[in-house]
Amino acid sequence: MKRFIEHSELARDGRFVRQDNAVVGILAQVPDDVDTLVDLLDRLSPMVEKSVEGTEAEPLFEAYGPGFMLVTLIEALVPEDPAIATRVQLRFHGIFVGELQALEGAGRSLWDFPDAPWEFKMNMARQCWDEARHVQIFEKLLDHVDGSPGMFPEATFLFECACSDDPAMRVAGVNRGLEGLACDVFRDMIRYGEKIGDEKMAQAIDYVLADEITHVRFGSNWVREFTKDDPDYFARTQAFRRQVDKQFSLGGARSDRDDAAIRIAREDRLEAGFTEEELDELAGISGGGPSRETMIEAARILKERHFARRETAAS
Ligand SMILES: [Fe+2]
Ligand SMILES: [Fe+2]
């Protein structure tokens, strides 16, 4: 079996549609400027339109144009939102495919590094077992909110960003970056489940979160172990995690900022081996990028241009 596969080689059945990762990458890079954001997303419009074709996200594209991702990213989930049903489905679908990629990431970590210590392989095997269970739990939760696998396009940027060819980098990216993001998102979803009185949702995700904290801890421990005699190596893994965290911060949508759609789950992360310094640093990294106001204004302009284009095409 091949070692070190590309994200494009991840196997999916006919239900799944692959999405280009460009939009997420852009949000991590652009400055806090409406015009720059509008120009970039407008240029991507044909590609975004193609990526949602035949999926449940098509009506969202029709309603908002290429800025629909901004709308779904920036707004925290609130029961009063008229689009809440679709947005909850979108969130659960994103988590469901994220769990699939976490399973694939842990599986690859087990396979890609044959010389790693036995205990490392046991940890990765344990993680695969957990992730397989999470895939099943989120498949059921997706069904619980009337969704289904493949209803939205799948972005594989979690796998793409987090998987490195080096074992310490791999656990820094997958276990501390990707799994850390999972902690933030799950804490947010537990809060949402409690808010709407959906005990099944809150309880199921609480079980999953307990596992994710363990996975982050695997990452915290193995980064330290792999790099213990080499401070430069340790510094490189920290730099890689910072880069992954920046990409996963979705332009500040996940951050410590007051306007963040998803806040950093500080207590859960402390329990998982992050230090206060690392969390302050994470808040600094993820707090960069366009503000909520910038994204709202950009989404408004993109929607206007989208409708203007549709009108021209119809006349
Ligand atoms: Fe998971
Ligand atoms: Fe996990």
# chains A, B, ... in the order shown; residues from 1 in each chain; ligands from 1
$ residues_near_ligand --ligand "ligand 2" --cutoff "9 Å" --atoms "only C-alpha atoms and all ligand atoms" --output "PyMOL selection string"
chain A and resi 99+102-103+106+127-128+130-131+134+174-175+178-180+182-183+208-209+211-216
$ residues_around --residues "A:Lys303" --least-positions-apart "4" --cutoff "8 Å" --atoms "only C-alpha atoms" --output "list in words"
Ala63, Tyr64, Gly65, Pro66, Gly67, Ala299 and Phe307 of chain A
$ write_last_selection --atoms "C-alpha atoms" --output "mmCIF file, in the first residue's frame"
data_model
loop_
_atom_site.group_PDB
_atom_site.id
_atom_site.type_symbol
_atom_site.label_atom_id
_atom_site.label_comp_id
_atom_site.auth_asym_id
_atom_site.auth_seq_id
_atom_site.Cartn_x
_atom_site.Cartn_y
_atom_site.Cartn_z
ATOM 1 C CA ALA A 63 -29.565 33.209 -2.920
ATOM 2 C CA TYR A 64 -26.185 34.793 -2.101
ATOM 3 C CA GLY A 65 -23.800 34.271 -5.009
ATOM 4 C CA PRO A 66 -20.154 33.307 -4.379
ATOM 5 C CA GLY A 67 -20.306 35.005 -0.945
ATOM 6 C CA ALA A 299 -21.286 39.302 1.204
ATOM 7 C CA PHE A 307 -28.208 39.230 -9.008
#
$ atom_distance --atom1 "atom CA of A:Arg18" --atom2 "atom CA of A:Leu158"
13.0 Å
$ select_by_dssp --residues "stretch 140-248 of chain A" --states "alpha helix (DSSP H)" --output "MDAnalysis selection string"
chainID A and resid 140:144 157:162 167:170 179:195 199:226 231:248
$ closest_residue --among "A:Val135, A:Val78, A:Asp166, A:Asp143" --to "A:Arg236" --atoms "only C-alpha atoms"
A:Asp166
$ residues_around --residues "A:Leu10" --least-positions-apart "4" --cutoff "9 Å" --atoms "only C-alpha atoms" --output "PDB file with C-alpha atoms, in the first residue's frame"
ATOM      1  CA  ILE A   5      -1.064  10.056  -0.312  1.00  0.00           C
ATOM      2  CA  GLU A   6      -2.349  13.354  -1.698  1.00  0.00           C
ATOM      3  CA  GLN A 101     -10.662  12.923   7.129  1.00  0.00           C
ATOM      4  CA  GLU A 104      -7.970   8.922   7.248  1.00  0.00           C
ATOM      5  CA  THR A 156     -10.684  18.167   1.969  1.00  0.00           C
TER       6      THR A 156
END
$ decode --residues "stretch 195-210 of chain A" --atoms "N, CA and C atoms" --output "compact mmCIF listing (two decimals), in the first residue's frame"
# COMPACT_ATOMS: atom_id res chain seq x y z
N LYS A 195 -28.93 25.10 23.97
CA LYS A 195 -29.75 26.29 23.77
C LYS A 195 -31.12 25.94 23.18
N ILE A 196 -31.14 25.00 22.23
CA ILE A 196 -32.42 24.66 21.59
C ILE A 196 -33.10 23.48 22.29
N GLY A 197 -32.52 23.02 23.41
CA GLY A 197 -33.14 21.92 24.17
C GLY A 197 -33.04 20.57 23.48
N ASP A 198 -32.03 20.40 22.60
CA ASP A 198 -31.84 19.12 21.91
C ASP A 198 -30.79 18.31 22.68
N GLU A 199 -31.31 17.51 23.61
CA GLU A 199 -30.43 16.77 24.51
C GLU A 199 -29.60 15.73 23.76
N LYS A 200 -30.23 15.12 22.76
CA LYS A 200 -29.55 14.09 21.97
C LYS A 200 -28.30 14.68 21.31
N MET A 201 -28.48 15.85 20.71
CA MET A 201 -27.37 16.52 20.03
C MET A 201 -26.26 16.87 21.03
N ALA A 202 -26.63 17.52 22.13
CA ALA A 202 -25.64 17.97 23.11
C ALA A 202 -24.88 16.78 23.71
N GLN A 203 -25.62 15.72 24.07
CA GLN A 203 -25.00 14.57 24.73
C GLN A 203 -24.08 13.80 23.78
N ALA A 204 -24.56 13.58 22.54
CA ALA A 204 -23.76 12.81 21.57
C ALA A 204 -22.44 13.53 21.31
N ILE A 205 -22.49 14.86 21.16
CA ILE A 205 -21.27 15.61 20.83
C ILE A 205 -20.35 15.69 22.04
N ASP A 206 -20.95 15.70 23.25
CA ASP A 206 -20.13 15.71 24.46
C ASP A 206 -19.26 14.44 24.54
N TYR A 207 -19.85 13.30 24.15
CA TYR A 207 -19.08 12.04 24.12
C TYR A 207 -17.91 12.15 23.14
N VAL A 208 -18.19 12.72 21.96
CA VAL A 208 -17.15 12.85 20.93
C VAL A 208 -16.04 13.78 21.41
N LEU A 209 -16.45 14.89 22.04
CA LEU A 209 -15.45 15.88 22.50
C LEU A 209 -14.46 15.25 23.48
N ALA A 210 -14.97 14.35 24.34
CA ALA A 210 -14.09 13.70 25.32
C ALA A 210 -12.97 12.94 24.59
